[in-house]
file entry02.txt (compact mmCIF, C-alpha atoms and all ligand atoms)
# COMPACT_ATOMS: atom_id res chain seq x y z
CA MET M 9 95.39 115.55 108.53
CA THR M 10 93.18 118.55 108.64
CA ASN M 11 93.11 119.92 105.12
CA ALA M 12 94.23 117.77 102.19
CA SER M 13 94.65 120.76 99.88
CA ALA M 14 97.06 122.63 102.16
CA ILE M 15 100.64 121.56 102.85
CA ILE M 16 100.12 118.27 104.58
CA ASP M 17 100.80 117.85 108.23
CA ILE M 18 101.12 114.21 109.22
CA GLU M 19 99.66 113.13 112.54
CA TYR M 20 100.86 110.01 114.28
CA GLU M 21 99.45 107.54 116.74
CA GLN M 22 101.51 107.65 119.92
CA PRO M 23 103.05 105.41 120.95
CA ALA M 24 103.21 103.86 117.50
CA CYS M 25 105.11 100.72 118.15
CA SER M 26 106.63 99.21 121.23
CA THR M 27 109.52 97.35 119.62
CA ARG M 28 112.71 98.06 121.47
CA HIS M 29 114.45 98.94 118.22
CA ALA M 30 111.86 101.15 116.60
CA TRP M 31 111.15 104.80 116.87
CA ALA M 32 108.56 104.11 114.22
CA ARG M 33 105.71 106.58 114.01
CA LEU M 34 102.54 105.00 112.75
CA PRO M 35 100.64 107.53 110.65
CA ILE M 36 96.96 107.92 111.57
CA GLU M 37 94.64 106.16 109.12
CA PRO M 38 92.90 108.80 106.95
CA GLN M 39 89.10 109.01 106.85
CA PRO M 40 87.52 107.79 103.56
CA HIS M 41 87.07 111.34 102.19
CA GLU M 42 90.67 112.24 103.13
CA ARG M 43 91.93 109.08 101.47
CA THR M 44 90.12 109.92 98.23
CA ALA M 45 91.41 113.51 98.29
CA LEU M 46 94.99 112.36 98.96
CA LYS M 47 94.90 109.84 96.12
CA ALA M 48 93.65 112.49 93.70
CA LYS M 49 96.26 114.94 94.90
CA ILE M 50 99.10 112.42 94.55
CA THR M 51 97.94 111.40 91.08
CA ALA M 52 98.00 115.04 89.95
CA LEU M 53 101.38 115.71 91.60
CA LEU M 54 102.96 112.64 89.99
CA LYS M 55 102.07 114.01 86.56
CA GLU M 56 103.13 117.55 87.38
CA LYS M 57 106.52 116.45 88.74
CA ASN M 58 107.23 113.71 86.18
CA ALA M 59 107.33 111.26 89.06
CA VAL M 60 106.47 107.60 89.55
CA MET M 61 105.67 105.57 92.68
CA VAL M 62 107.64 102.45 93.55
CA SER M 63 106.21 100.53 96.51
CA HIS M 64 107.18 97.39 98.40
CA TYR M 65 104.68 94.60 99.14
CA TYR M 66 104.90 95.34 102.89
CA VAL M 67 103.62 98.93 102.81
CA HIS M 68 100.02 100.02 103.34
CA PRO M 69 97.62 98.62 100.68
CA ASP M 70 96.77 102.18 99.58
CA LEU M 71 100.39 102.76 98.59
CA GLN M 72 100.53 99.47 96.72
CA ASP M 73 97.28 100.06 94.82
CA LEU M 74 98.03 103.69 94.00
CA ALA M 75 101.49 102.82 92.68
CA GLU M 76 99.94 100.37 90.23
CA ALA M 77 97.00 102.63 89.33
CA THR M 78 99.37 105.47 88.40
CA GLY M 79 101.76 103.42 86.23
CA GLY M 80 104.27 102.66 88.99
CA LEU M 81 105.23 99.37 90.59
CA VAL M 82 104.60 97.27 93.65
CA SER M 83 107.15 94.48 93.98
CA ASP M 84 110.10 92.97 95.84
CA SER M 85 113.32 94.86 96.53
CA LEU M 86 115.10 93.53 93.42
CA GLU M 87 112.39 94.57 90.97
CA MET M 88 111.95 97.93 92.73
CA ALA M 89 115.63 98.67 92.04
CA ARG M 90 115.41 97.61 88.40
CA PHE M 91 112.15 99.46 87.72
CA GLY M 92 113.39 102.71 89.27
CA ARG M 93 116.57 102.60 87.19
CA ASP M 94 114.80 101.89 83.90
CA HIS M 95 111.76 104.15 84.25
CA PRO M 96 111.92 107.48 82.36
CA ALA M 97 110.47 109.52 85.27
CA THR M 98 112.87 112.07 86.75
CA THR M 99 111.53 111.62 90.29
CA LEU M 100 111.01 108.29 92.08
CA VAL M 101 108.81 108.12 95.18
CA VAL M 102 109.96 105.01 97.01
CA SER M 103 107.59 103.64 99.67
CA GLY M 104 109.50 101.10 101.67
CA VAL M 105 112.56 101.40 103.86
CA ARG M 106 115.67 103.49 103.53
CA PHE M 107 117.94 100.97 101.84
CA MET M 108 115.42 100.72 99.00
CA GLY M 109 115.54 104.49 98.42
CA GLU M 110 119.33 104.48 98.63
CA THR M 111 119.63 101.64 96.12
CA SER M 112 117.44 103.61 93.71
CA LYS M 113 119.55 106.73 94.19
CA ILE M 114 122.80 104.80 93.67
CA LEU M 115 121.44 103.39 90.42
CA SER M 116 119.93 106.70 89.27
CA PRO M 117 122.08 109.48 90.74
CA HIS M 118 120.56 112.08 88.43
CA LYS M 119 117.00 111.32 89.51
CA THR M 120 115.36 112.77 92.58
CA VAL M 121 114.46 109.95 94.98
CA LEU M 122 111.88 110.86 97.62
CA MET M 123 110.73 108.76 100.56
CA PRO M 124 107.65 109.37 102.74
CA ASP M 125 109.75 109.04 105.92
CA LEU M 126 113.54 109.04 105.99
CA ASP M 127 113.58 107.38 109.43
CA ALA M 128 112.07 104.20 107.99
CA THR M 129 115.02 101.85 108.29
CA CYS M 130 115.64 98.13 108.81
CA SER M 131 117.10 96.11 111.68
CA LEU M 132 119.51 94.41 109.28
CA ASP M 133 120.88 97.75 108.12
CA LEU M 134 121.08 99.06 111.71
CA GLY M 135 122.84 95.90 112.84
CA CYS M 136 125.68 96.18 110.32
CA PRO M 137 127.55 99.45 110.94
CA ILE M 138 130.21 100.22 108.34
CA ASP M 139 133.20 100.49 110.71
CA GLU M 140 132.67 97.05 112.23
CA PHE M 141 131.79 95.57 108.87
CA SER M 142 134.92 97.02 107.28
CA ALA M 143 137.05 95.51 110.04
CA PHE M 144 135.36 92.13 109.45
CA CYS M 145 136.17 92.37 105.72
CA ASP M 146 139.76 93.47 106.42
CA ALA M 147 140.23 90.42 108.65
CA HIS M 148 139.21 88.06 105.81
CA PRO M 149 140.74 89.41 102.61
CA ASP M 150 140.60 85.98 100.92
CA ARG M 151 136.77 85.98 100.87
CA THR M 152 134.37 87.37 98.28
CA VAL M 153 132.12 89.86 100.06
CA VAL M 154 128.42 89.22 99.40
CA VAL M 155 125.93 91.55 101.08
CA TYR M 156 122.18 91.54 101.23
CA ALA M 157 120.35 94.56 99.80
CA ASN M 158 119.15 95.46 103.34
CA THR M 159 122.33 97.42 104.11
CA SER M 160 123.64 100.99 103.98
CA ALA M 161 125.27 102.49 100.91
CA ALA M 162 128.61 102.40 102.76
CA VAL M 163 128.33 98.65 103.36
CA LYS M 164 127.42 98.11 99.71
CA ALA M 165 130.53 100.10 98.78
CA ARG M 166 132.64 97.44 100.59
CA ALA M 167 130.96 94.55 98.79
CA ASP M 168 131.85 92.55 95.70
CA TRP M 169 128.29 91.38 95.15
CA LEU M 170 124.86 92.51 96.22
CA VAL M 171 122.00 90.01 96.51
CA THR M 172 118.33 90.11 97.40
CA SER M 173 116.38 87.08 98.53
CA SER M 174 115.18 86.70 94.91
CA CYS M 175 118.65 85.92 93.60
CA ALA M 176 120.88 85.08 96.59
CA LEU M 177 120.78 81.32 95.98
CA ASP M 178 121.70 81.62 92.30
CA ILE M 179 124.51 84.07 92.93
CA VAL M 180 126.08 82.14 95.82
CA ARG M 181 125.80 78.88 93.85
CA HIS M 182 127.58 80.60 90.94
CA LEU M 183 130.37 81.88 93.23
CA LYS M 184 130.77 78.45 94.81
CA GLU M 185 131.13 76.88 91.37
CA GLN M 186 133.96 79.34 90.76
CA GLY M 187 135.67 78.07 93.91
CA GLN M 188 135.15 81.26 95.92
CA LYS M 189 134.86 81.46 99.70
CA ILE M 190 132.25 83.92 100.88
CA LEU M 191 131.96 86.55 103.57
CA TRP M 192 128.23 87.04 104.04
CA ALA M 193 126.30 89.88 105.72
CA PRO M 194 124.12 90.74 107.45
CA ASP M 195 121.18 88.28 107.79
CA LYS M 196 122.25 85.10 109.64
CA HIS M 197 119.04 83.18 108.83
CA LEU M 198 119.11 83.90 105.10
CA GLY M 199 122.85 83.17 105.08
CA ALA M 200 122.39 79.85 106.89
CA TYR M 201 119.58 78.87 104.51
CA ILE M 202 121.78 79.59 101.48
CA GLN M 203 124.67 77.71 103.04
CA ARG M 204 122.44 74.65 103.62
CA GLU M 205 121.12 74.79 100.05
CA THR M 206 124.43 75.42 98.24
CA GLY M 207 127.07 73.94 100.56
CA ALA M 208 129.14 77.12 100.00
CA ASP M 209 131.89 78.13 102.43
CA MET M 210 130.27 81.16 104.11
CA LEU M 211 131.51 83.23 107.01
CA MET M 212 128.48 84.94 108.55
CA TRP M 213 127.68 88.31 110.06
CA GLN M 214 125.09 87.74 112.81
CA GLY M 215 122.26 90.14 111.92
CA SER M 216 118.55 89.41 111.82
CA CYS M 217 115.21 90.88 110.82
CA ILE M 218 113.12 91.78 113.87
CA VAL M 219 109.95 90.74 112.02
CA HIS M 220 110.90 87.35 110.54
CA ASP M 221 113.01 86.35 113.54
CA GLU M 222 109.77 86.21 115.54
CA PHE M 223 108.04 83.38 113.65
CA LYS M 224 107.69 80.32 115.85
CA ALA M 225 108.10 76.74 114.59
CA PHE M 226 106.32 75.11 117.53
CA GLU M 227 103.23 77.27 117.10
CA LEU M 228 103.40 76.94 113.30
CA GLU M 229 103.25 73.15 113.64
CA ALA M 230 100.17 73.51 115.86
CA LEU M 231 98.52 75.79 113.29
CA LYS M 232 99.33 73.30 110.52
CA ARG M 233 97.60 70.56 112.55
CA GLU M 234 94.47 72.76 112.54
CA HIS M 235 94.78 73.21 108.75
CA PRO M 236 96.41 69.98 107.56
CA LYS M 237 95.88 70.73 103.87
CA ALA M 238 97.38 74.21 104.04
CA LYS M 239 100.70 74.90 102.32
CA ILE M 240 103.28 76.89 104.27
CA LEU M 241 105.05 79.83 102.53
CA VAL M 242 108.17 81.21 104.24
CA HIS M 243 110.51 84.15 103.64
CA PRO M 244 114.12 82.98 104.20
CA GLU M 245 114.82 85.70 106.78
CA SER M 246 112.95 83.35 109.14
CA PRO M 247 114.67 80.95 111.59
CA ALA M 248 115.83 77.54 110.28
CA ASP M 249 113.17 75.54 112.17
CA VAL M 250 110.44 77.65 110.52
CA ILE M 251 112.03 77.25 107.07
CA ALA M 252 112.15 73.49 107.67
CA LEU M 253 108.32 73.42 107.77
CA ALA M 254 107.90 75.31 104.48
CA ASP M 255 106.33 74.04 101.27
CA ALA M 256 107.91 77.02 99.50
CA VAL M 257 110.75 79.32 100.61
CA GLY M 258 111.57 82.55 98.82
CA SER M 259 111.44 86.28 98.38
CA THR M 260 108.19 88.21 98.54
CA SER M 261 107.63 87.72 94.81
CA ALA M 262 108.49 84.02 95.07
CA ILE M 263 105.87 83.71 97.83
CA LEU M 264 103.34 85.38 95.55
CA LYS M 265 104.19 83.00 92.73
CA ALA M 266 104.00 79.94 94.99
CA ALA M 267 100.52 80.98 96.15
CA GLN M 268 99.41 81.08 92.53
CA THR M 269 101.01 77.84 91.40
CA LEU M 270 100.82 75.45 94.37
CA HIS M 271 97.69 73.31 94.47
CA ALA M 272 96.02 74.32 97.73
CA ASP M 273 93.11 76.43 98.90
CA THR M 274 94.71 77.52 102.15
CA PHE M 275 98.15 78.97 102.83
CA ILE M 276 99.98 79.85 106.02
CA VAL M 277 102.27 82.80 105.34
CA ALA M 278 105.47 83.46 107.31
CA THR M 279 106.40 86.94 106.17
CA ASP M 280 105.36 90.51 106.94
CA ASN M 281 101.56 90.69 106.93
CA GLY M 282 101.61 93.62 104.47
CA MET M 283 102.07 90.84 101.90
CA LEU M 284 98.54 89.55 102.53
CA HIS M 285 96.98 92.39 100.53
CA LYS M 286 98.53 91.32 97.22
CA LEU M 287 98.16 87.62 98.00
CA ARG M 288 94.41 88.06 98.62
CA THR M 289 93.85 90.41 95.67
CA LEU M 290 95.48 88.02 93.22
CA ASN M 291 93.93 84.89 94.75
CA PRO M 292 90.40 85.84 95.85
CA ASN M 293 89.29 82.22 96.22
CA LYS M 294 92.19 81.14 98.42
CA LYS M 295 92.55 81.58 102.15
CA PHE M 296 95.70 83.12 103.67
CA ILE M 297 96.52 82.80 107.35
CA GLU M 298 99.33 84.65 109.13
CA ALA M 299 102.01 82.38 110.59
CA PRO M 300 102.19 82.70 114.38
CA THR M 301 104.60 85.09 116.05
CA SER M 302 102.99 84.62 119.43
CA GLY M 303 103.28 81.70 121.80
CA ASN M 304 105.32 80.72 124.80
CA SER M 305 108.45 82.45 123.55
CA ALA M 306 106.74 85.53 122.11
CA THR M 307 107.82 89.03 122.99
CA CYS M 308 106.11 92.41 122.82
CA LYS M 309 107.56 92.92 119.38
CA SER M 310 105.79 89.94 117.84
CA CYS M 311 103.32 91.37 115.40
CA ALA M 312 104.49 90.30 111.90
CA HIS M 313 104.52 93.84 110.60
CA CYS M 314 107.68 95.83 110.05
CA PRO M 315 107.46 99.00 112.16
CA TRP M 316 109.48 100.90 109.58
CA MET M 317 107.44 99.80 106.58
CA ALA M 318 104.41 101.00 108.56
CA MET M 319 105.77 104.56 108.58
CA ASN M 320 104.86 105.01 104.91
CA SER M 321 101.53 106.73 104.24
CA LEU M 322 99.48 108.50 101.59
CA ALA M 323 99.94 111.74 103.52
CA GLY M 324 103.71 111.20 103.51
CA VAL M 325 103.79 110.62 99.76
CA ALA M 326 101.65 113.72 99.10
CA LYS M 327 103.82 115.80 101.40
CA VAL M 328 107.16 114.88 99.82
CA LEU M 329 105.82 115.27 96.29
CA GLU M 330 104.43 118.69 97.10
CA SER M 331 107.41 120.02 99.05
CA GLY M 332 110.32 118.06 97.53
CA SER M 333 111.42 117.21 101.07
CA ASN M 334 112.89 113.85 102.15
CA ALA M 335 115.16 113.50 99.12
CA ILE M 336 117.66 110.66 99.47
CA ASP M 337 121.32 111.64 99.22
CA VAL M 338 124.20 109.22 98.94
CA ASP M 339 127.75 110.32 99.75
CA PRO M 340 129.36 111.15 96.35
CA SER M 341 132.66 109.63 97.52
CA ILE M 342 131.13 106.13 97.72
CA ILE M 343 128.27 106.16 95.22
CA ASP M 344 130.23 104.79 92.23
CA ARG M 345 131.80 102.03 94.34
CA ALA M 346 128.39 101.15 95.84
CA ARG M 347 126.91 100.81 92.32
CA LEU M 348 129.40 98.11 91.36
CA PRO M 349 127.92 95.18 93.35
CA ILE M 350 124.37 96.27 92.48
CA ASP M 351 125.16 96.41 88.76
CA ARG M 352 126.78 92.99 89.01
CA MET M 353 123.61 91.58 90.58
CA LEU M 354 121.32 93.22 88.02
CA GLN M 355 123.47 92.00 85.14
CA PHE M 356 123.56 88.46 86.56
CA THR M 357 119.80 88.30 87.10
CA ALA M 358 119.07 89.79 83.67
CA GLN M 359 121.23 87.08 82.09
CA LEU M 360 119.56 84.43 84.25
CA LYS M 361 116.20 85.49 82.86
CA THR M 362 117.27 85.40 79.24
CA GLN M 363 119.26 82.18 79.59
CA ALA M 364 116.73 80.30 81.72
CA SER M 365 115.13 78.70 78.70
CA SER M 366 118.45 77.66 77.17
CA GLY M 367 119.77 76.18 80.42
CA LEU M 368 122.97 78.27 80.20
CA VAL M 369 124.57 79.82 83.29
CA PRO M 370 125.39 83.56 83.34
CA ASN M 371 129.10 84.31 83.17
CA ILE M 372 129.60 87.57 85.03
CA GLY M 373 133.21 88.39 85.90
CA ALA M 374 134.15 87.24 89.37
CA ALA M 375 134.98 89.84 91.98
P1 LIG M 401 112.25 91.06 99.38
O1 LIG M 401 113.59 91.30 98.76
O2 LIG M 401 111.85 89.62 99.34
O3 LIG M 401 111.23 91.97 98.84
O4 LIG M 401 112.40 91.36 100.94
C1 LIG M 401 112.80 92.58 101.45
C2 LIG M 401 112.65 92.62 102.90
O5 LIG M 401 112.99 93.58 103.55
C3 LIG M 401 112.09 91.43 103.55
O6 LIG M 401 111.97 91.64 104.91
FE1 LIG M 402 114.16 95.00 107.50
FE2 LIG M 402 112.72 93.00 108.44
FE3 LIG M 402 111.57 95.36 107.97
FE4 LIG M 402 112.36 93.75 105.91
S1 LIG M 402 110.75 93.33 107.41
S2 LIG M 402 112.68 95.97 106.11
S3 LIG M 402 114.24 92.87 106.79
S4 LIG M 402 113.18 94.93 109.51

call {"tool": "encode", "arguments": {"input": "entry02.txt", "output": "structure tokens", "more": "lines below"}}
Ligand code: 13P
Ligand code: SF4
result
Amino acid sequence: MTNASAIIDIEYEQPACSTRHAWARLPIEPQPHERTALKAKITALLKEKNAVMVSHYYVHPDLQDLAEATGGLVSDSLEMARFGRDHPATTLVVSGVRFMGETSKILSPHKTVLMPDLDATCSLDLGCPIDEFSAFCDAHPDRTVVVYANTSAAVKARADWLVTSSCALDIVRHLKEQGQKILWAPDKHLGAYIQRETGADMLMWQGSCIVHDEFKAFELEALKREHPKAKILVHPESPADVIALADAVGSTSAILKAAQTLHADTFIVATDNGMLHKLRTLNPNKKFIEAPTSGNSATCKSCAHCPWMAMNSLAGVAKVLESGSNAIDVDPSIIDRARLPIDRMLQFTAQLKTQASSGLVPNIGAA
């Protein structure tokens, strides 16, 4: 970036990332004076445009801290969706990956939803194209279609229920209790974990996350031997043998909660390393170690950081706020249908929260 007060031109490191899936462009880290100028500029633009920042835990620490400092949110994908829908701002700046921006747009069609880089996607979304997914659904009409949030708007529009890793267990357990058979997509590891936990009848799409799929159980066991008192925190997009070693399994916010509540000084964390910023800020006296992605079976793409999350930058946020570019659009012919499974999930989880203390189970109409 040459001049923070002019229209911002983003420069990238080349090559940014060598994953075979990613065309990710890693924005160049701003110098301290550029960082300060960009933060001031974004803060002023947010006010001027009646906008709010919504960031995921995996994006650059600057985007997490600035979101919170300006009255926005840093959280998991479920809370990002809820916050964006309920916030009075007319523009949402979503730092994360494309499905997060699309979910916000589906829930708030009259708001402008901007993203720092529209090419920031997700291997789960890429691995579940609508035509093939539709054919899969058509072949199994007796099953309730449950899809993970990491999918396109078109896939959501074929679903009966949406879930994130924060609520997938509760929702599938609820559907099982109603005697429903499930068609699950796209993450095979999360699906298998939920199947093991609930015993539900689940037919699986075979997608995976290129980041979590790389954690290695053999090397994790070796690391645990070096730190025998450490607790292991795992995101359920990880392989089953990694989940089997966990002291706590859950969404990004569940991992954060476990780090605060489990009695340990040291934690080994099997999720995207962007998460370490919040873990360390909230727990300054605890030690957090990245779970291994390297080892005998490692590949060039083993680095525990999502190449698409890494495309978000302060310069990108300033640029889209200033120019109004990179607005998310969702096909009007599917937007209402895509909202249905998301609303169902948000209603279910809202009831779960209010009924948790009474021990009652939410009763949302089955698909
Ligand atoms: P959370 O829903 O736990 O925030 O996870 C989103 C994601 O993309 C994990 O890789
Ligand atoms: Fe998708 Fe994995 Fe990146 Fe999450 S970390 S956005 S699941 S590729």

call {"tool": "residues_around", "arguments": {"input": "entry02.txt", "residues": "Val67 (chain M)", "least_positions_apart": "4", "cutoff": "8 Å", "atoms": "all atoms listed in the file", "output": "PyMOL selection string"}}
result
chain M and resi 63+71-72+103-104+282+317-318+320

call {"tool": "axis_aligned_box", "arguments": {"input": "entry02.txt", "around": "ligand LIG 402 (chain M)", "padding_each_side": "3 Å", "output": "JSON"}}
result
{"center_x": 112.5, "center_y": 94.4, "center_z": 107.7, "size_x": 9.5, "size_y": 9.1, "size_z": 9.6}

call {"tool": "closest_residue", "arguments": {"input": "entry02.txt", "among": "M:Thr98, M:Thr289, M:Thr120, M:Ser246", "to": "ligand LIG 401 (chain M)", "atoms": "all atoms listed in the file"}}
result
M:Ser246

call {"tool": "residues_near_point", "arguments": {"input": "entry02.txt", "point": "(98.9, 80.3, 101.2)", "cutoff": "6 Å", "atoms": "all atoms listed in the file", "output": "ChimeraX atom specification"}}
result
/M:239,267,274-277,296

call {"tool": "residues_around", "arguments": {"input": "entry02.txt", "residues": "region 254-258 of chain M", "least_positions_apart": "2", "cutoff": "7 Å", "atoms": "all atoms listed in the file", "output": "MDAnalysis selection string"}}
result
chainID M and resid 173:174 239:244 250:252 260 262:263 266

call {"tool": "residues_around", "arguments": {"input": "entry02.txt", "residues": "Ala326 (chain M)", "least_positions_apart": "2", "cutoff": "8 Å", "atoms": "only C-alpha atoms", "output": "PyMOL selection string"}}
result
chain M and resi 16+46+49-50+53+322-324+328-330

call {"tool": "write_last_selection", "arguments": {"input": "entry02.txt", "atoms": "C-alpha atoms", "output": "PDB file, in the frame of the given file"}}
result
ATOM      1  CA  ILE M  16     100.120 118.270 104.580  1.00  0.00           C
ATOM      2  CA  LEU M  46      94.990 112.360  98.960  1.00  0.00           C
ATOM      3  CA  LYS M  49      96.260 114.940  94.900  1.00  0.00           C
ATOM      4  CA  ILE M  50      99.100 112.420  94.550  1.00  0.00           C
ATOM      5  CA  LEU M  53     101.380 115.710  91.600  1.00  0.00           C
ATOM      6  CA  LEU M 322      99.480 108.500 101.590  1.00  0.00           C
ATOM      7  CA  ALA M 323      99.940 111.740 103.520  1.00  0.00           C
ATOM      8  CA  GLY M 324     103.710 111.200 103.510  1.00  0.00           C
ATOM      9  CA  VAL M 328     107.160 114.880  99.820  1.00  0.00           C
ATOM     10  CA  LEU M 329     105.820 115.270  96.290  1.00  0.00           C
ATOM     11  CA  GLU M 330     104.430 118.690  97.100  1.00  0.00           C
TER      12      GLU M 330
END

call {"tool": "closest_residue", "arguments": {"input": "entry02.txt", "among": "M:Ala230, M:Ala157, M:Ile343, M:Ala364", "to": "Ser116 (chain M)", "atoms": "only C-alpha atoms"}}
result
M:Ile343

call {"tool": "residues_around", "arguments": {"input": "entry02.txt", "residues": "Leu134 (chain M)", "least_positions_apart": "5", "cutoff": "10 Å", "atoms": "only C-alpha atoms", "output": "ChimeraX atom specification"}}
result
/M:29,129,158-160,194,215-216

call {"tool": "residues_around", "arguments": {"input": "entry02.txt", "residues": "Leu74 (chain M)", "least_positions_apart": "2", "cutoff": "10 Å", "atoms": "all atoms listed in the file", "output": "PyMOL selection string"}}
result
chain M and resi 47-48+50-51+61-63+69-72+76-82+322

call {"tool": "residues_near_ligand", "arguments": {"input": "entry02.txt", "ligand": "ligand LIG 402 (chain M)", "cutoff": "6 Å", "atoms": "all atoms listed in the file", "output": "PDB file with C-alpha atoms, in the coordinates of the input"}}
result
ATOM      1  CA  VAL M 105     112.560 101.400 103.860  1.00  0.00           C
ATOM      2  CA  CYS M 130     115.640  98.130 108.810  1.00  0.00           C
ATOM      3  CA  SER M 131     117.100  96.110 111.680  1.00  0.00           C
ATOM      4  CA  LEU M 132     119.510  94.410 109.280  1.00  0.00           C
ATOM      5  CA  CYS M 217     115.210  90.880 110.820  1.00  0.00           C
ATOM      6  CA  ILE M 218     113.120  91.780 113.870  1.00  0.00           C
ATOM      7  CA  VAL M 219     109.950  90.740 112.020  1.00  0.00           C
ATOM      8  CA  CYS M 314     107.680  95.830 110.050  1.00  0.00           C
TER       9      CYS M 314
END

call {"tool": "closest_residue", "arguments": {"input": "entry02.txt", "among": "M:Leu100, M:Ala346, M:Ile36, M:Ala89", "to": "ligand LIG 401 (chain M)", "atoms": "all atoms listed in the file"}}
result
M:Ala89

call {"tool": "closest_residue", "arguments": {"input": "entry02.txt", "among": "M:Cys145, M:Ser259, M:Glu245, M:Pro236", "to": "Leu211 (chain M)", "atoms": "all atoms listed in the file"}}
result
M:Cys145

call {"tool": "closest_residue", "arguments": {"input": "entry02.txt", "among": "M:Lys184, M:His285, M:His313, M:Lys232", "to": "ligand LIG 401 (chain M)", "atoms": "only C-alpha atoms and all ligand atoms"}}
result
M:His313

call {"tool": "decode", "arguments": {"input": "entry02.txt", "residues": "region 338-352 of chain M", "atoms": "N, CA, C and O atoms", "output": "short mmCIF file (atom, residue, chain, number, x, y, z; two decimals), in the first residue's frame"}}
result
data_model
loop_
_atom_site.label_atom_id
_atom_site.label_comp_id
_atom_site.auth_asym_id
_atom_site.auth_seq_id
_atom_site.Cartn_x
_atom_site.Cartn_y
_atom_site.Cartn_z
N VAL M 338 -26.94 -12.55 -3.80
CA VAL M 338 -27.45 -13.93 -3.82
C VAL M 338 -28.61 -13.96 -4.81
O VAL M 338 -29.46 -13.06 -4.80
N ASP M 339 -28.62 -14.96 -5.66
CA ASP M 339 -29.65 -15.10 -6.70
C ASP M 339 -31.04 -14.94 -6.08
O ASP M 339 -31.43 -15.73 -5.21
N PRO M 340 -31.83 -13.94 -6.55
CA PRO M 340 -33.15 -13.69 -5.95
C PRO M 340 -34.08 -14.90 -6.07
O PRO M 340 -35.00 -15.06 -5.27
N SER M 341 -33.83 -15.78 -7.07
CA SER M 341 -34.74 -16.92 -7.24
C SER M 341 -34.54 -18.00 -6.17
O SER M 341 -35.37 -18.89 -6.03
N ILE M 342 -33.44 -17.93 -5.42
CA ILE M 342 -33.23 -18.96 -4.39
C ILE M 342 -33.13 -18.40 -2.97
O ILE M 342 -33.12 -19.13 -2.00
N ILE M 343 -33.09 -17.08 -2.86
CA ILE M 343 -32.75 -16.50 -1.55
C ILE M 343 -33.79 -16.85 -0.47
O ILE M 343 -33.42 -17.18 0.66
N ASP M 344 -35.07 -16.82 -0.83
CA ASP M 344 -36.09 -17.11 0.19
C ASP M 344 -36.03 -18.58 0.61
O ASP M 344 -36.14 -18.91 1.80
N ARG M 345 -35.78 -19.46 -0.37
CA ARG M 345 -35.69 -20.89 -0.05
C ARG M 345 -34.43 -21.18 0.80
O ARG M 345 -34.45 -22.02 1.69
N ALA M 346 -33.34 -20.44 0.49
CA ALA M 346 -32.09 -20.65 1.24
C ALA M 346 -32.22 -20.16 2.68
O ALA M 346 -31.52 -20.65 3.58
N ARG M 347 -33.11 -19.20 2.91
CA ARG M 347 -33.28 -18.66 4.27
C ARG M 347 -33.98 -19.66 5.19
O ARG M 347 -33.77 -19.66 6.40
N LEU M 348 -34.79 -20.51 4.60
CA LEU M 348 -35.60 -21.44 5.41
C LEU M 348 -34.76 -22.31 6.37
O LEU M 348 -35.01 -22.31 7.58
N PRO M 349 -33.76 -23.05 5.85
CA PRO M 349 -32.98 -23.88 6.79
C PRO M 349 -32.15 -23.07 7.78
O PRO M 349 -31.88 -23.53 8.90
N ILE M 350 -31.76 -21.85 7.37
CA ILE M 350 -30.97 -21.01 8.29
C ILE M 350 -31.88 -20.53 9.42
O ILE M 350 -31.50 -20.57 10.60
N ASP M 351 -33.08 -20.06 9.05
CA ASP M 351 -34.03 -19.60 10.08
C ASP M 351 -34.36 -20.72 11.05
O ASP M 351 -34.45 -20.52 12.26
N ARG M 352 -34.52 -21.93 10.49
CA ARG M 352 -34.84 -23.08 11.35
C ARG M 352 -33.72 -23.30 12.37
O ARG M 352 -33.98 -23.53 13.55
#
